[in-house]
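Have a look at work.txt below; it lists compact mmCIF, C-alpha atoms.
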# COMPACT_ATOMS: atom_id res chain seq x y z
CA MET A 1 -42.36 -0.53 -21.48
CA CYS A 2 -40.96 2.02 -23.94
CA ASP A 3 -39.48 0.85 -27.22
CA ALA A 4 -36.74 3.43 -26.87
CA LYS A 5 -35.52 1.87 -23.65
CA ALA A 6 -33.50 -0.76 -25.56
CA LYS A 7 -31.59 1.98 -27.36
CA LEU A 8 -30.77 4.27 -24.50
CA VAL A 9 -27.19 3.11 -23.95
CA ALA A 10 -26.43 3.22 -27.68
CA TRP A 11 -27.93 6.72 -27.75
CA LEU A 12 -25.69 7.78 -24.85
CA ASP A 13 -22.70 6.25 -26.65
CA ARG A 14 -23.62 8.15 -29.86
CA GLU A 15 -23.84 4.90 -31.74
CA LEU A 16 -27.25 5.50 -33.30
CA THR A 17 -27.89 6.88 -36.77
CA PRO A 18 -28.88 10.56 -36.74
CA ASP A 19 -32.56 9.67 -37.38
CA ASP A 20 -32.69 7.12 -34.58
CA ALA A 21 -30.81 9.48 -32.26
CA SER A 22 -33.29 12.32 -32.77
CA THR A 23 -36.24 9.96 -32.29
CA VAL A 24 -34.82 8.68 -29.01
CA GLU A 25 -33.94 12.19 -27.91
CA ARG A 26 -37.50 13.41 -28.45
CA HIS A 27 -38.84 10.41 -26.59
CA VAL A 28 -36.52 10.87 -23.61
CA GLU A 29 -37.59 14.48 -23.25
CA GLY A 30 -41.16 13.40 -22.63
CA CYS A 31 -40.66 10.08 -20.82
CA HIS A 32 -39.94 10.23 -17.12
CA GLU A 33 -38.97 6.54 -16.86
CA CYS A 34 -36.46 6.75 -19.72
CA ARG A 35 -34.92 9.86 -18.23
CA ARG A 36 -34.47 7.93 -15.00
CA TRP A 37 -32.81 5.06 -16.91
CA VAL A 38 -30.53 7.48 -18.76
CA ALA A 39 -29.40 8.94 -15.44
CA THR A 40 -28.84 5.43 -14.08
CA TYR A 41 -26.78 4.39 -17.13
CA GLU A 42 -24.67 7.53 -16.86
CA ARG A 43 -23.96 6.83 -13.19
CA MET A 44 -23.20 3.23 -14.07
CA SER A 45 -20.69 4.24 -16.72
CA LYS A 46 -18.91 6.53 -14.28
CA THR A 47 -18.81 3.80 -11.66
CA PHE A 48 -17.46 1.36 -14.23
CA ASP A 49 -14.67 3.81 -15.03
CA ALA A 50 -13.93 4.21 -11.32
CA TYR A 51 -13.89 0.43 -10.98
CA CYS A 52 -11.35 0.07 -13.80
CA ASP A 53 -9.16 2.78 -12.29
CA ALA A 54 -9.40 1.13 -8.87
CA VAL A 55 -8.38 -2.25 -10.27
CA MET A 56 -5.43 -0.65 -12.01
CA ALA A 57 -4.38 1.23 -8.87
CA ALA A 58 -4.76 -1.90 -6.74
CA LYS A 59 -2.53 -3.87 -9.09
CA ALA A 60 0.12 -1.19 -9.38
CA PRO A 61 3.58 -2.39 -8.37
CA ARG A 62 4.06 -1.96 -4.64
CA ARG A 63 7.81 -1.47 -4.83
CA ALA A 64 7.37 2.22 -5.41
CA ARG A 65 5.34 2.62 -2.21
CA TRP A 66 8.23 1.24 -0.14
CA ALA A 67 10.92 3.27 -1.82
CA PRO A 68 10.30 6.52 0.13
CA VAL A 69 10.05 4.60 3.39
CA LEU A 70 13.32 2.82 2.66
CA VAL A 71 15.05 6.07 1.77
CA GLY A 72 13.71 7.69 4.96
CA ALA A 73 14.93 4.80 7.08
CA LEU A 74 18.39 4.97 5.52
CA ILE A 75 18.59 8.72 6.12
CA ALA A 76 17.51 8.26 9.75
CA ALA A 77 20.07 5.51 10.27
CA ALA A 78 22.80 7.68 8.76
CA ALA A 79 21.80 10.59 11.01
CA VAL A 80 21.96 8.40 14.12
CA CYS A 81 25.39 7.06 13.14
CA LEU A 82 26.63 10.59 12.50
CA ALA A 83 25.34 11.78 15.87
CA PHE A 84 27.22 8.98 17.62
CA LEU A 85 30.43 9.71 15.76
CA ARG A 86 30.28 13.39 16.66
CA THR A 87 29.67 12.77 20.35
CA ARG A 88 32.88 13.31 22.35
CA VAL A 89 33.61 10.73 24.97
CA VAL A 90 34.52 12.62 28.14
CA PRO A 91 36.76 10.60 30.43
CA PRO A 92 35.68 10.51 34.08
CA THR A 93 37.46 13.10 36.22
CA VAL A 94 39.56 11.69 38.99
CA ILE A 95 39.73 13.90 42.01
CA ASP A 96 42.98 13.92 43.84
CA PRO A 97 42.05 13.54 47.51
CA ARG A 98 44.89 15.82 48.54
CA ALA A 99 43.66 18.59 46.32
CA ALA A 100 40.15 18.01 47.59
CA LEU A 101 41.27 18.31 51.17
CA GLY A 102 43.37 21.38 50.48
CA SER A 103 46.54 22.06 52.30
CA ALA A 104 45.26 20.81 55.64
CA ALA A 105 47.52 18.57 57.57
CA VAL A 106 47.02 15.26 56.06
CA PRO A 107 48.96 12.24 57.05
CA GLU A 108 50.99 10.84 54.21
CA LEU A 109 49.81 7.36 54.57
CA PRO A 110 46.56 6.53 52.99
CA LEU A 111 46.19 6.63 49.25
CA ALA A 112 49.71 7.28 48.05
CA THR A 113 51.52 4.58 49.96
CA GLN A 114 48.98 1.86 50.23
CA PRO A 115 47.85 0.40 46.93
CA ILE A 116 44.14 0.08 46.61
CA LEU A 117 43.15 -3.47 46.46
CA HIS A 118 40.31 -3.99 44.13
CA LYS A 119 37.63 -6.22 45.28
CA PRO A 120 37.68 -9.26 43.03
CA MET A 121 34.56 -9.88 41.10
CA ILE A 122 32.72 -12.77 42.53
CA ARG A 123 30.22 -14.42 40.36
CA ARG A 124 27.26 -15.25 42.45
CA ARG A 125 25.37 -18.25 41.50
CA ARG A 126 21.84 -18.85 42.40
CA PRO A 127 21.63 -21.30 45.28
CA ALA A 128 20.07 -24.64 44.72
CA PRO A 129 16.34 -24.76 45.31
CA HIS A 130 16.58 -26.47 48.67
CA ILE A 131 19.05 -23.86 49.89
CA ARG A 132 16.78 -21.08 48.65
CA GLU A 133 13.98 -22.58 50.66
CA LEU A 134 16.12 -22.72 53.78
CA ALA A 135 17.15 -19.12 53.25
CA THR A 136 13.61 -17.95 53.02
CA GLN A 137 12.67 -19.90 56.09
CA GLU A 138 15.63 -18.45 57.89
CA GLN A 139 14.71 -14.81 57.42
CA PRO A 140 11.93 -14.58 59.67
CA MET A 141 11.17 -12.03 62.14
CA ASP A 142 14.12 -9.64 62.13
CA ALA A 143 13.52 -6.43 60.32
CA ALA A 144 16.14 -4.38 58.43
CA ILE A 145 16.84 -0.88 59.71
CA GLN A 146 18.79 1.67 57.76
CA ILE A 147 21.26 3.94 59.55
CA ALA A 148 23.76 6.54 58.48
CA ILE A 149 27.34 6.16 59.81
CA PRO A 150 29.75 9.11 59.64
CA ALA A 151 32.95 8.26 57.81
CA GLU A 152 35.06 9.36 60.79
CA ALA A 153 33.61 6.50 62.77
CA MET A 154 34.88 3.94 60.30
CA PHE A 155 38.11 5.27 58.82
CA PRO A 156 41.23 6.97 60.21
CA PRO A 157 41.06 10.77 60.16
CA GLY A 158 41.86 12.24 56.77
CA ALA A 159 41.31 9.03 54.81
CA VAL A 160 37.97 10.19 53.57
CA PRO A 161 36.85 13.77 52.97
CA ASN A 162 34.74 15.35 55.66
CA GLY A 163 31.01 15.16 55.52
CA ILE A 164 30.82 11.79 53.82
CA SER A 165 28.57 9.20 55.39
CA PHE A 166 27.78 5.64 54.61
CA ILE A 167 24.44 3.92 54.64
CA ALA A 168 24.17 0.54 56.28
CA ASP A 169 21.38 -1.93 56.77
CA LEU A 170 20.99 -3.28 60.29
CA ARG A 171 19.37 -6.56 60.96
CA ILE A 172 17.96 -6.82 64.48
CA ALA A 173 17.53 -10.12 66.18
CA PRO A 174 14.30 -10.91 68.05
CA ASP A 175 15.98 -10.20 71.36
CA GLY A 176 16.79 -6.63 70.26
CA SER A 177 20.49 -7.07 69.62
CA VAL A 178 22.15 -6.18 66.30
CA LYS A 179 22.54 -9.32 64.35
CA GLN A 180 24.07 -8.02 61.16
CA VAL A 181 25.45 -4.74 59.79
CA ARG A 182 25.79 -4.46 56.00
CA LEU A 183 27.17 -1.43 54.20
CA ARG A 184 25.29 -0.47 51.10
CA GLN A 185 27.17 -0.02 47.90
CA MET B 1 -27.61 0.73 -34.65
CA SER B 2 -25.27 2.35 -37.13
CA ASP B 3 -22.49 0.33 -38.65
CA ASP B 4 -20.49 3.38 -39.58
CA SER B 5 -19.14 4.35 -36.20
CA VAL B 6 -17.27 7.58 -35.73
CA PRO B 7 -13.69 6.81 -36.76
CA LEU B 8 -11.18 7.80 -34.10
CA ALA B 9 -10.68 10.45 -31.52
CA LEU B 10 -7.19 10.83 -32.93
CA PRO B 11 -7.13 11.88 -36.57
CA LEU B 12 -4.96 9.27 -38.16
CA PRO B 13 -3.32 9.88 -41.50
CA ARG B 14 -1.55 7.05 -43.24
CA LEU B 15 0.73 5.65 -40.61
CA ALA B 16 4.28 4.64 -41.26
CA ALA B 17 6.35 2.40 -39.05
CA GLY B 18 8.36 4.47 -36.58
CA SER B 19 6.53 7.67 -37.48
CA ALA B 20 5.44 10.40 -35.08
CA GLU B 21 1.82 9.33 -35.59
CA VAL B 22 2.59 5.91 -34.17
CA THR B 23 4.21 7.56 -31.18
CA ALA B 24 1.10 9.72 -30.73
CA LEU B 25 -1.08 6.62 -31.02
CA TYR B 26 1.02 4.92 -28.38
CA ARG B 27 0.60 7.90 -26.05
CA GLU B 28 -3.14 7.88 -26.61
CA LEU B 29 -3.72 4.15 -26.28
CA SER B 30 -1.15 2.87 -23.81
CA LYS B 31 -3.10 3.82 -20.69
CA PRO B 32 -6.57 2.61 -21.73
CA LEU B 33 -4.96 -0.50 -23.14
CA ARG B 34 -3.12 -1.24 -19.91
CA ARG B 35 -6.29 -0.60 -17.94
CA TYR B 36 -8.21 -2.99 -20.14
CA LEU B 37 -5.57 -5.71 -19.79
CA VAL B 38 -5.31 -5.29 -16.03
CA CYS B 39 -9.09 -5.54 -15.73
CA LEU B 40 -8.91 -8.73 -17.78
CA GLY B 41 -6.70 -10.23 -15.07
CA LEU B 42 -3.11 -9.41 -16.04
CA THR B 43 -0.70 -7.92 -13.56
CA SER B 44 0.53 -4.40 -14.12
CA ASP B 45 3.90 -5.64 -15.41
CA GLU B 46 2.30 -8.21 -17.69
CA ALA B 47 -0.02 -5.55 -19.09
CA GLN B 48 2.92 -3.27 -19.79
CA ASP B 49 4.72 -6.09 -21.60
CA VAL B 50 1.65 -6.87 -23.68
CA VAL B 51 1.25 -3.21 -24.67
CA GLN B 52 4.88 -3.11 -25.79
CA ASP B 53 4.46 -6.32 -27.77
CA ALA B 54 1.26 -5.05 -29.37
CA PHE B 55 2.98 -1.90 -30.59
CA LEU B 56 5.94 -3.90 -31.87
CA SER B 57 3.43 -5.93 -33.85
CA LEU B 58 1.91 -2.68 -35.09
CA GLN B 59 5.32 -1.56 -36.32
CA ARG B 60 5.74 -4.82 -38.23
CA HIS B 61 2.18 -4.57 -39.51
CA LEU B 62 2.76 -1.07 -40.84
CA ALA B 63 6.19 -1.91 -42.23
CA SER B 64 4.68 -4.74 -44.22
CA GLY B 65 2.00 -2.41 -45.60
CA GLY B 66 -0.87 -3.91 -43.60
CA ASP B 67 -4.43 -2.61 -43.47
CA GLN B 68 -4.79 0.66 -41.57
CA GLU B 69 -8.54 0.82 -41.24
CA ASN B 70 -9.64 0.84 -37.62
CA ILE B 71 -6.12 0.79 -36.29
CA ARG B 72 -7.25 1.23 -32.67
CA GLY B 73 -9.40 -1.87 -32.88
CA TRP B 74 -6.44 -3.65 -34.47
CA VAL B 75 -4.12 -2.75 -31.57
CA PHE B 76 -6.71 -3.76 -28.98
CA ARG B 77 -7.36 -7.05 -30.76
CA VAL B 78 -3.65 -7.88 -30.90
CA ALA B 79 -3.25 -6.98 -27.22
CA HIS B 80 -6.32 -9.01 -26.32
CA ASN B 81 -4.96 -12.06 -28.14
CA LEU B 82 -1.50 -11.64 -26.63
CA ALA B 83 -3.10 -11.46 -23.20
CA ARG B 84 -5.07 -14.62 -23.87
CA ASN B 85 -1.88 -16.41 -24.89
CA ARG B 86 -0.23 -15.36 -21.67
CA GLN B 87 -2.91 -16.88 -19.52
CA THR B 88 -2.11 -20.32 -18.19
CA SER B 89 -5.81 -20.84 -17.68
CA TYR B 90 -7.91 -18.36 -19.59
CA HIS B 91 -11.16 -18.87 -17.76
CA ARG B 92 -9.61 -18.99 -14.33
CA ARG B 93 -7.57 -15.82 -14.78
CA PHE B 94 -10.08 -13.88 -16.81
CA GLY B 95 -12.84 -14.81 -14.41
CA GLU B 96 -11.22 -13.03 -11.54
CA THR B 97 -11.39 -9.45 -12.69
CA LEU B 98 -11.32 -8.28 -9.13
CA ASP B 99 -10.30 -9.99 -5.92
CA GLU B 100 -12.77 -9.92 -3.08
CA GLY B 101 -10.47 -8.32 -0.59
CA LYS B 102 -8.80 -5.94 -3.00
CA ASP B 103 -8.17 -2.55 -1.54
CA PHE B 104 -9.58 0.38 -3.47
CA PRO B 105 -7.67 3.54 -2.73
CA ALA B 106 -9.57 6.79 -2.86
CA ALA B 107 -7.69 10.03 -2.73
CA ASP B 108 -8.88 13.14 -0.87
CA ALA B 109 -11.73 11.44 0.90
CA THR B 110 -12.79 11.23 4.52
CA PRO B 111 -12.62 7.80 6.18
CA GLU B 112 -16.40 7.47 5.94
CA GLN B 113 -16.33 8.29 2.24
CA VAL B 114 -13.52 5.82 1.71
CA VAL B 115 -15.50 3.06 3.40
CA LEU B 116 -18.65 3.87 1.41
CA GLU B 117 -16.73 4.07 -1.84
CA LYS B 118 -15.02 0.77 -1.18
CA GLU B 119 -18.32 -0.87 -0.36
CA LYS B 120 -19.91 0.52 -3.50
CA LEU B 121 -17.06 -0.70 -5.70
CA ARG B 122 -17.11 -4.09 -4.00
CA ARG B 123 -20.80 -4.51 -4.79
CA PHE B 124 -20.12 -3.30 -8.31
CA ALA B 125 -17.26 -5.79 -8.69
CA ALA B 126 -19.54 -8.61 -7.58
CA ALA B 127 -22.12 -7.51 -10.14
CA ILE B 128 -19.46 -7.42 -12.86
CA ARG B 129 -18.37 -10.94 -11.98
CA SER B 130 -21.92 -12.11 -12.57
CA LEU B 131 -21.78 -10.92 -16.21
CA THR B 132 -20.85 -13.25 -19.05
CA THR B 133 -17.36 -13.04 -20.53
CA SER B 134 -18.73 -11.36 -23.64
CA GLU B 135 -20.72 -8.79 -21.66
CA ARG B 136 -17.72 -8.02 -19.48
CA GLY B 137 -15.43 -7.73 -22.49
CA CYS B 138 -17.82 -5.36 -24.25
CA LEU B 139 -18.07 -3.10 -21.21
CA LEU B 140 -14.31 -3.09 -20.63
CA LEU B 141 -13.58 -2.16 -24.24
CA ARG B 142 -16.33 0.46 -24.16
CA ALA B 143 -14.70 1.93 -21.05
CA GLY B 144 -11.45 1.96 -23.02
CA GLY B 145 -13.07 4.36 -25.46
CA LEU B 146 -13.67 1.96 -28.33
CA ARG B 147 -16.66 2.32 -30.65
CA TYR B 148 -19.08 -0.57 -31.06
CA ARG B 149 -17.59 -1.48 -34.42
CA GLU B 150 -14.10 -1.61 -32.92
CA ILE B 151 -15.34 -3.68 -30.02
CA GLY B 152 -16.94 -6.08 -32.47
CA GLU B 153 -13.64 -6.46 -34.32
CA VAL B 154 -11.69 -7.10 -31.13
CA LEU B 155 -14.12 -9.71 -29.86
CA GLY B 156 -15.04 -11.09 -33.24
CA ILE B 157 -18.77 -10.33 -33.05
CA ALA B 158 -21.15 -8.17 -35.10
CA THR B 159 -21.60 -4.50 -34.30
CA SER B 160 -25.31 -4.96 -33.68
CA THR B 161 -24.51 -7.77 -31.26
CA VAL B 162 -22.15 -5.43 -29.42
CA GLY B 163 -24.99 -2.92 -29.02
CA ASP B 164 -27.36 -5.53 -27.67
CA THR B 165 -24.69 -6.97 -25.37
CA VAL B 166 -23.75 -3.58 -23.94
CA GLU B 167 -27.42 -2.70 -23.39
CA ARG B 168 -28.08 -6.03 -21.67
CA ALA B 169 -24.94 -5.78 -19.52
CA MET B 170 -25.78 -2.26 -18.37
CA LYS B 171 -29.31 -3.30 -17.51
CA LYS B 172 -27.99 -6.23 -15.46
CA LEU B 173 -25.59 -3.99 -13.58
CA ALA B 174 -28.33 -1.47 -12.92
CA GLU B 175 -30.61 -4.15 -11.53
CA LYS B 176 -27.93 -5.79 -9.41
CA CYS B 177 -26.56 -2.62 -7.89
CA ASN B 178 -28.29 0.61 -8.60
CA VAL B 179 -25.45 3.04 -8.06
Written form, structure tokens:
Amino acid sequence: MCDAKAKLVAWLDRELTPDDASTVERHVEGCHECRRWVATYERMSKTFDAYCDAVMAAKAPRRARWAPVLVGALIAAAAVCLAFLRTRVVPPTVIDPRAALGSAAVPELPLATQPILHKPMIRRRRPAPHIRELATQEQPMDAAIQIAIPAEAMFPPGAVPNGISFIADLRIAPDGSVKQVRLRQ
Amino acid sequence: MSDDSVPLALPLPRLAAGSAEVTALYRELSKPLRRYLVCLGLTSDEAQDVVQDAFLSLQRHLASGGDQENIRGWVFRVAHNLARNRQTSYHRRFGETLDEGKDFPAADATPEQVVLEKEKLRRFAAAIRSLTTSERGCLLLRAGGLRYREIGEVLGIATSTVGDTVERAMKKLAEKCNV
């Protein structure tokens, strides 16, 4: 083992006296092992510096990292609110059936004289379990068939504009007869 | 080992409390001092407080006509002692210079490089933890740019002992993780 090996770090740190430094320097030039150790110590010093920087960066306050995110979120929220405020609410257009039908002879009766009765809202409750079971047992064999019914077949002429049809579900009994007709909403 | 270490990187005339030289010294030392304190186990905020307190003490020291030889070592020693006083348990806090799962950020690196760098620093951190308190302190102060004589004054040991300790610590690190 070289005697100079114990002074290599001090030599790198320029902590040796000029005489000692020149002695070590001459030795290092001719000693392969010491040159290898010098390179190792230099790498080690750099890694130690990187380690210190990494510790400092890892312990840096994290508030600052959230600040841009928070600002971005606030800006996005403000933009969404602004977009909603600027959106105009367009009321639904109500078509006057008379205008829609033109000046064709239309009986006076339907919409103007008879008030439209709104269907009351009925809150449907889920049937009790035993009733649900019965219902499922009851539905058996009959299949639902969908048909289109022209409006003229269901309403007096002129009550509904031409060309409008309704869709209904038909339920056919096993014997082939219509058991139930249900208009779709 | 020479006992007459090179004085200071910053040429320091006679300092006066509140002078521009003290401000320049603060600019030069605040970052390495904070880094040293954080590596000792303080949080970033605690380290900042200790640096402020150390420079307030420096102002008082200069105002009272205190010794100005090796002023950098003086500031580091004051900060070191203030940090020790802040620790509720010196050995517990100073022992954990780096948490196991601490994330090491690396800028401008590919994911593979980041992983390798993290792994390397993790191994290095484990090797540092295996050093004695004195060895670790010497290396941290050396990384802060202090000369061996200054390190000796901060830690209260002889300059020649600092040289031996640094040499031994570097050899240990090299053997434990040859980076």
task = To one decimal in Å, tell me the separation between atom CA of Ala148 of chain A and atom CA of Pro174 of chain A.
result =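 Calculated distance between atom CA of Ala148 of chain A and atom CA of Pro174 of chain A is 22.0 Å.
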Quick check, in Å to one decimal: how far apart do atom CA of Asp49 of chain B and atom CA of His61 of chain B lie?
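Computing the Euclidean distance for atom CA of Asp49 of chain B and atom CA of His61 of chain B yields 18.2 Å.
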Of B:Ala126, B:Leu62, B:Val154, B:Leu82, the one nearest to chain A when counting only C-alpha atoms is B:Ala126
Requested in this report: Can you check which residues of chain A have any atom within 12 Å of chain B? Use only C-alpha atoms and format it as a ChimeraX atom specification.
Outcome: /A:4-21,36-62
Segment 28-31 of chain A: axis-aligned bounding box, 5 Å on each side, centre and edge lengths in Å, one decimal, as AutoDock Vina command-line options:
--center_x -38.8 --center_y 12.3 --center_z -22.2 --size_x 14.6 --size_y 14.4 --size_z 12.8
As an exercise, work out the distance from atom CA of Arg27 of chain B to atom CA of Val51 of chain B in Å and give it to one decimal place.
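So the answer is 11.2 Å.
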Can you tell me, as a PyMOL selection string, what residues are no more than 10 Å from Gln180 of chain A when counting all atoms listed in the file, ignoring any on the same chain fewer than 5 positions away?
-> chain A and resi 144+168-173
Asp53 of chain B environment, 10 Å, all atoms listed in the file, sequence neighbours closer than 6 positions dropped, as an mmCIF file with C-alpha atoms, in the coordinates of the input:
data_model
loop_
_atom_site.group_PDB
_atom_site.id
_atom_site.type_symbol
_atom_site.label_atom_id
_atom_site.label_comp_id
_atom_site.auth_asym_id
_atom_site.auth_seq_id
_atom_site.Cartn_x
_atom_site.Cartn_y
_atom_site.Cartn_z
ATOM 1 C CA ALA B 47 -0.020 -5.550 -19.090
ATOM 2 C CA GLN B 59 5.320 -1.560 -36.320
ATOM 3 C CA VAL B 78 -3.650 -7.880 -30.900
ATOM 4 C CA ALA B 79 -3.250 -6.980 -27.220
ATOM 5 C CA LEU B 82 -1.500 -11.640 -26.630
#
Generate N, CA and C atoms for segment 31-42 of chain A and emit them as a tab-separated table (two decimals), in the coordinates of the input.
chain	number	residue	atom	x	y	z
A	31	CYS	N	-40.42	11.32	-21.59
A	31	CYS	CA	-40.66	10.08	-20.82
A	31	CYS	C	-39.85	10.12	-19.51
A	32	HIS	N	-40.60	10.15	-18.43
A	32	HIS	CA	-39.94	10.23	-17.12
A	32	HIS	C	-39.11	8.97	-16.84
A	33	GLU	N	-39.67	7.80	-17.16
A	33	GLU	CA	-38.97	6.54	-16.86
A	33	GLU	C	-37.65	6.44	-17.63
A	34	CYS	N	-37.69	6.82	-18.91
A	34	CYS	CA	-36.46	6.75	-19.72
A	34	CYS	C	-35.41	7.73	-19.22
A	35	ARG	N	-35.90	8.90	-18.77
A	35	ARG	CA	-34.92	9.86	-18.23
A	35	ARG	C	-34.23	9.27	-16.99
A	36	ARG	N	-35.03	8.57	-16.19
A	36	ARG	CA	-34.47	7.93	-15.00
A	36	ARG	C	-33.42	6.87	-15.40
A	37	TRP	N	-33.76	6.09	-16.46
A	37	TRP	CA	-32.81	5.06	-16.91
A	37	TRP	C	-31.55	5.70	-17.49
A	38	VAL	N	-31.71	6.80	-18.19
A	38	VAL	CA	-30.53	7.48	-18.76
A	38	VAL	C	-29.60	7.93	-17.63
A	39	ALA	N	-30.22	8.50	-16.58
A	39	ALA	CA	-29.40	8.94	-15.44
A	39	ALA	C	-28.70	7.75	-14.79
A	40	THR	N	-29.44	6.64	-14.68
A	40	THR	CA	-28.84	5.43	-14.08
A	40	THR	C	-27.67	4.93	-14.93
A	41	TYR	N	-27.86	4.88	-16.25
A	41	TYR	CA	-26.78	4.39	-17.13
A	41	TYR	C	-25.56	5.31	-17.07
A	42	GLU	N	-25.81	6.60	-16.95
A	42	GLU	CA	-24.67	7.53	-16.86
A	42	GLU	C	-23.89	7.29	-15.57
